[in-house]
Amino acid sequence: MKPFKFSFSYSRWSLWRKCPKAFKLQNVDKLPIETGPALIKGRKIHDEIADYLQHKTDEAPTSLTKKFATLGQQLRDVPSSNIMIEDQMAFDKDRRAVGWFGANAYYRMIWDVGVSVSNKVIQAVDWKTGKPYDSYDDQKQIFALPAFWLNPDLEEFTGNWVYLDHGDVHSTTFNRAQMYGPTCDPAADDGLHGLWKANAAMMESDVSYRATPSKDACKWCEFGPNKQNLCEDGVK
């Protein structure tokens, strides 16, 4: 088994925040996890939409035509030079773009869709299945980071959470001052830019991986007593 090499992503951050031990079991110990029906469905929907937007198929998937046929057509009509679809973005510790599998990849992010409106404005889409149930504040902030890191002149980024089953769209906009602080200087490690550098460092420095069990959290945990039962700290 390959030794664990830390890298930061929203999914890893989300799991570590819920329970550092669950993060360890999945990412450090590399215990297998079961792929449930919801994950399989979500991946299938993402793949179908990506194929449609990339003109690999002419038939819009039902996940779009139910509520978002117009949005799907608008995105499909964006010139290929102005759109990113399921692109993998990786950065080193200094937030310089690197290869996804590069030895120095420290941050990894993916947009379902990213659209360059101009050299100063970018919008991105995250497809959601199921009902809206969370604010996703952390994910929205992390979603914005690569836009500014990749585009030094960027002034504004909007992330759009598109709930395919319910027809809702939750949008959040970040400007340059929010990203870099009042001086708008990337070197200052201020604003969201600095916050997530500190959060990644905090997560990387954790070597205790303390369990944070609770009846509700353990109920849904892949390693808890209701699933694989591989965590001695799990509670029913």
# chains A, B, ... in the order shown; residues from 1 in each chain; ligands from 1

$ residues_around --residues "Asp112 in chain A" --least-positions-apart "2" --cutoff "9 Å" --atoms "only C-alpha atoms" --output "PyMOL selection string"
chain A and resi 46+50+84-87+110+114+124-127

$ residues_around --residues "Ile142 in chain A" --least-positions-apart "2" --cutoff "12 Å" --atoms "only C-alpha atoms" --output "MDAnalysis selection string"
chainID A and resid 8:14 107:111 136:140 144:149 157:159 172 174 179 192:197 199:200

$ write_last_selection --atoms "C-alpha atoms" --output "PDB file, in the first residue's frame"
ATOM      1  CA  PHE A   8      -6.685  18.983   0.282  1.00  0.00           C
ATOM      2  CA  SER A   9     -10.083  18.873  -1.396  1.00  0.00           C
ATOM      3  CA  TYR A  10     -13.612  19.748  -0.374  1.00  0.00           C
ATOM      4  CA  SER A  11     -14.631  16.112   0.034  1.00  0.00           C
ATOM      5  CA  ARG A  12     -11.630  15.380   2.250  1.00  0.00           C
ATOM      6  CA  TRP A  13     -12.194  18.535   4.284  1.00  0.00           C
ATOM      7  CA  SER A  14     -15.873  17.715   4.738  1.00  0.00           C
ATOM      8  CA  TYR A 107      -5.018  21.334  -3.450  1.00  0.00           C
ATOM      9  CA  ARG A 108      -7.424  19.559  -5.801  1.00  0.00           C
ATOM     10  CA  MET A 109     -10.724  20.994  -7.035  1.00  0.00           C
ATOM     11  CA  ILE A 110     -13.251  20.133  -9.761  1.00  0.00           C
ATOM     12  CA  TRP A 111     -15.990  22.278 -11.264  1.00  0.00           C
ATOM     13  CA  TYR A 136     -22.659  24.431   1.687  1.00  0.00           C
ATOM     14  CA  ASP A 137     -20.800  27.543   2.875  1.00  0.00           C
ATOM     15  CA  ASP A 138     -17.431  25.777   3.004  1.00  0.00           C
ATOM     16  CA  GLN A 139     -17.901  24.249  -0.422  1.00  0.00           C
ATOM     17  CA  LYS A 140     -18.907  27.592  -1.917  1.00  0.00           C
ATOM     18  CA  ALA A 144     -14.203  30.055  -5.614  1.00  0.00           C
ATOM     19  CA  LEU A 145     -10.502  29.542  -4.862  1.00  0.00           C
ATOM     20  CA  PRO A 146      -9.292  28.110  -8.201  1.00  0.00           C
ATOM     21  CA  ALA A 147     -11.061  30.846 -10.162  1.00  0.00           C
ATOM     22  CA  PHE A 148      -8.878  33.505  -8.556  1.00  0.00           C
ATOM     23  CA  TRP A 149      -5.747  31.360  -8.447  1.00  0.00           C
ATOM     24  CA  PHE A 157     -16.728  34.740  -9.220  1.00  0.00           C
ATOM     25  CA  THR A 158     -20.229  33.304  -8.861  1.00  0.00           C
ATOM     26  CA  GLY A 159     -20.878  29.715  -7.847  1.00  0.00           C
ATOM     27  CA  THR A 172     -23.120  33.006  -4.158  1.00  0.00           C
ATOM     28  CA  PHE A 174     -17.281  36.463  -4.232  1.00  0.00           C
ATOM     29  CA  MET A 179     -10.865  36.542  -1.652  1.00  0.00           C
ATOM     30  CA  LEU A 192     -10.665  33.503   2.019  1.00  0.00           C
ATOM     31  CA  HIS A 193      -7.336  32.891   0.312  1.00  0.00           C
ATOM     32  CA  GLY A 194      -5.563  32.980   3.688  1.00  0.00           C
ATOM     33  CA  LEU A 195      -8.368  31.249   5.584  1.00  0.00           C
ATOM     34  CA  TRP A 196      -8.216  28.123   3.442  1.00  0.00           C
ATOM     35  CA  LYS A 197      -4.433  28.048   3.492  1.00  0.00           C
ATOM     36  CA  ASN A 199      -7.488  25.340   7.223  1.00  0.00           C
ATOM     37  CA  ALA A 200      -5.485  23.056   4.929  1.00  0.00           C
TER      38      ALA A 200
END

$ residues_around --residues "Phe91 in chain A" --least-positions-apart "4" --cutoff "8 Å" --atoms "only C-alpha atoms" --output "PyMOL selection string"
chain A and resi 95-99+104-108

$ closest_residue --among "A:Val115, A:Pro3, A:Leu53, A:Asp47" --to "Lys30 in chain A" --atoms "only C-alpha atoms"
A:Pro3

$ select_by_dssp --residues "range 3-176 of chain A" --states "strand (DSSP E or B)" --output "number ranges by chain"
A: 8, 83-91, 97-98, 107-116, 121-128, 156-163, 168-175

$ residues_around --residues "range 55-67 of chain A" --least-positions-apart "2" --cutoff "8 Å" --atoms "only C-alpha atoms" --output "ChimeraX atom specification"
/A:45,48-49,51-53,69,72,76,164-167

$ write_last_selection --atoms "C-alpha atoms" --output "PDB file, in the first residue's frame"
ATOM      1  CA  ILE A  45     -26.158  12.170 -14.142  1.00  0.00           C
ATOM      2  CA  GLU A  48     -24.712  12.414 -19.059  1.00  0.00           C
ATOM      3  CA  ILE A  49     -24.747  16.191 -18.651  1.00  0.00           C
ATOM      4  CA  ASP A  51     -21.521  14.416 -22.670  1.00  0.00           C
ATOM      5  CA  TYR A  52     -24.410  16.659 -23.717  1.00  0.00           C
ATOM      6  CA  LEU A  53     -22.572  19.924 -23.041  1.00  0.00           C
ATOM      7  CA  ALA A  69     -33.555  22.633 -20.416  1.00  0.00           C
ATOM      8  CA  GLY A  72     -28.495  23.222 -20.540  1.00  0.00           C
ATOM      9  CA  ARG A  76     -24.061  23.891 -24.641  1.00  0.00           C
ATOM     10  CA  LEU A 164     -31.763  19.276 -10.668  1.00  0.00           C
ATOM     11  CA  ASP A 165     -34.654  17.465  -8.983  1.00  0.00           C
ATOM     12  CA  HIS A 166     -36.268  20.533  -7.415  1.00  0.00           C
ATOM     13  CA  GLY A 167     -35.576  23.344  -9.855  1.00  0.00           C
TER      14      GLY A 167
END

$ closest_residue --among "A:Glu155, A:Gln73, A:Cys184, A:Lys227" --to "Thr35 in chain A" --atoms "only C-alpha atoms"
A:Lys227

$ atom_distance --atom1 "CA of Gln178 in chain A" --atom2 "CA of Ser205 in chain A"
26.1 Å

$ residues_around --residues "Cys218 in chain A" --least-positions-apart "5" --cutoff "10 Å" --atoms "only C-alpha atoms" --output "ChimeraX atom specification"
/A:19,22,212-213,223-227,229,231,233-236

$ write_last_selection --atoms "N, CA and C atoms" --output "PDB file, in the first residue's frame"
ATOM      1  N   CYS A  19     -15.536  13.853  11.121  1.00  0.00           N
ATOM      2  CA  CYS A  19     -14.874  12.897  12.015  1.00  0.00           C
ATOM      3  C   CYS A  19     -13.476  12.605  11.486  1.00  0.00           C
ATOM      4  N   ALA A  22     -12.801   8.916  10.730  1.00  0.00           N
ATOM      5  CA  ALA A  22     -13.368   8.417   9.482  1.00  0.00           C
ATOM      6  C   ALA A  22     -12.487   8.829   8.304  1.00  0.00           C
ATOM      7  N   THR A 212     -15.008  11.528  16.566  1.00  0.00           N
ATOM      8  CA  THR A 212     -16.042  12.396  17.132  1.00  0.00           C
ATOM      9  C   THR A 212     -17.398  11.700  16.947  1.00  0.00           C
ATOM     10  N   PRO A 213     -17.604  10.616  17.683  1.00  0.00           N
ATOM     11  CA  PRO A 213     -18.815   9.821  17.471  1.00  0.00           C
ATOM     12  C   PRO A 213     -20.082  10.500  17.990  1.00  0.00           C
ATOM     13  N   PHE A 223     -17.954   3.458   8.073  1.00  0.00           N
ATOM     14  CA  PHE A 223     -17.229   2.529   8.941  1.00  0.00           C
ATOM     15  C   PHE A 223     -17.952   2.285  10.260  1.00  0.00           C
ATOM     16  N   GLY A 224     -19.161   2.869  10.401  1.00  0.00           N
ATOM     17  CA  GLY A 224     -19.914   2.773  11.637  1.00  0.00           C
ATOM     18  C   GLY A 224     -20.639   1.451  11.800  1.00  0.00           C
ATOM     19  N   PRO A 225     -21.310   1.283  12.953  1.00  0.00           N
ATOM     20  CA  PRO A 225     -21.960   0.001  13.277  1.00  0.00           C
ATOM     21  C   PRO A 225     -23.103  -0.370  12.347  1.00  0.00           C
ATOM     22  N   ASN A 226     -23.690   0.602  11.660  1.00  0.00           N
ATOM     23  CA  ASN A 226     -24.803   0.299  10.765  1.00  0.00           C
ATOM     24  C   ASN A 226     -24.355  -0.073   9.356  1.00  0.00           C
ATOM     25  N   LYS A 227     -23.043   0.064   9.096  1.00  0.00           N
ATOM     26  CA  LYS A 227     -22.530  -0.286   7.775  1.00  0.00           C
ATOM     27  C   LYS A 227     -21.437  -1.333   7.921  1.00  0.00           C
ATOM     28  N   ASN A 229     -18.996  -1.498  10.187  1.00  0.00           N
ATOM     29  CA  ASN A 229     -18.664  -1.775  11.586  1.00  0.00           C
ATOM     30  C   ASN A 229     -17.152  -2.007  11.786  1.00  0.00           C
ATOM     31  N   CYS A 231     -15.118   0.564  12.960  1.00  0.00           N
ATOM     32  CA  CYS A 231     -14.623   1.595  13.889  1.00  0.00           C
ATOM     33  C   CYS A 231     -15.075   1.241  15.307  1.00  0.00           C
ATOM     34  N   ASP A 233     -14.942   3.030  17.807  1.00  0.00           N
ATOM     35  CA  ASP A 233     -15.534   4.183  18.492  1.00  0.00           C
ATOM     36  C   ASP A 233     -16.969   4.474  18.075  1.00  0.00           C
ATOM     37  N   GLY A 234     -17.479   3.719  17.123  1.00  0.00           N
ATOM     38  CA  GLY A 234     -18.821   3.970  16.618  1.00  0.00           C
ATOM     39  C   GLY A 234     -19.898   3.696  17.663  1.00  0.00           C
ATOM     40  N   VAL A 235     -20.981   4.464  17.606  1.00  0.00           N
ATOM     41  CA  VAL A 235     -22.101   4.282  18.530  1.00  0.00           C
ATOM     42  C   VAL A 235     -23.390   4.095  17.729  1.00  0.00           C
ATOM     43  N   LYS A 236     -24.292   3.335  18.313  1.00  0.00           N
ATOM     44  CA  LYS A 236     -25.600   3.112  17.676  1.00  0.00           C
ATOM     45  C   LYS A 236     -26.627   4.089  18.241  1.00  0.00           C
TER      46      LYS A 236
END

$ residues_around --residues "Ser116 in chain A" --least-positions-apart "3" --cutoff "9 Å" --atoms "only C-alpha atoms" --output "JSON list (two decimals) with C-alpha atoms, in the first residue's frame"
[["chain", "number", "residue", "atom", "x", "y", "z"],
["A", 81, "SER", "CA", -12.66, 28.17, -25.42],
["A", 82, "ASN", "CA", -14.83, 29.75, -22.70],
["A", 83, "ILE", "CA", -16.10, 26.68, -20.87],
["A", 84, "MET", "CA", -14.60, 24.03, -18.59],
["A", 119, "ASN", "CA", -11.24, 37.98, -18.13],
["A", 120, "LYS", "CA", -12.65, 39.57, -14.96],
["A", 121, "VAL", "CA", -15.81, 37.48, -14.37],
["A", 122, "ILE", "CA", -16.23, 33.69, -14.04],
["A", 123, "GLN", "CA", -19.29, 31.62, -13.20],
["A", 124, "ALA", "CA", -19.37, 27.94, -12.27]]

$ residues_around --residues "Ile33 in chain A" --least-positions-apart "6" --cutoff "10 Å" --atoms "only C-alpha atoms" --output "compact mmCIF listing (two decimals) with C-alpha atoms, in the first residue's frame"
# COMPACT_ATOMS: atom_id res chain seq x y z
CA LEU A 25 -9.83 5.08 7.87
CA GLN A 26 -10.75 6.12 4.34
CA CYS A 221 -20.70 6.61 8.53
CA GLU A 222 -19.25 4.08 6.10
CA PHE A 223 -17.23 2.53 8.94
CA LYS A 227 -22.53 -0.29 7.78
CA GLN A 228 -19.10 -1.94 7.79

$ closest_residue --among "A:Val162, A:Val117, A:Ala38, A:Leu230" --to "Leu71 in chain A" --atoms "only C-alpha atoms"
A:Val162
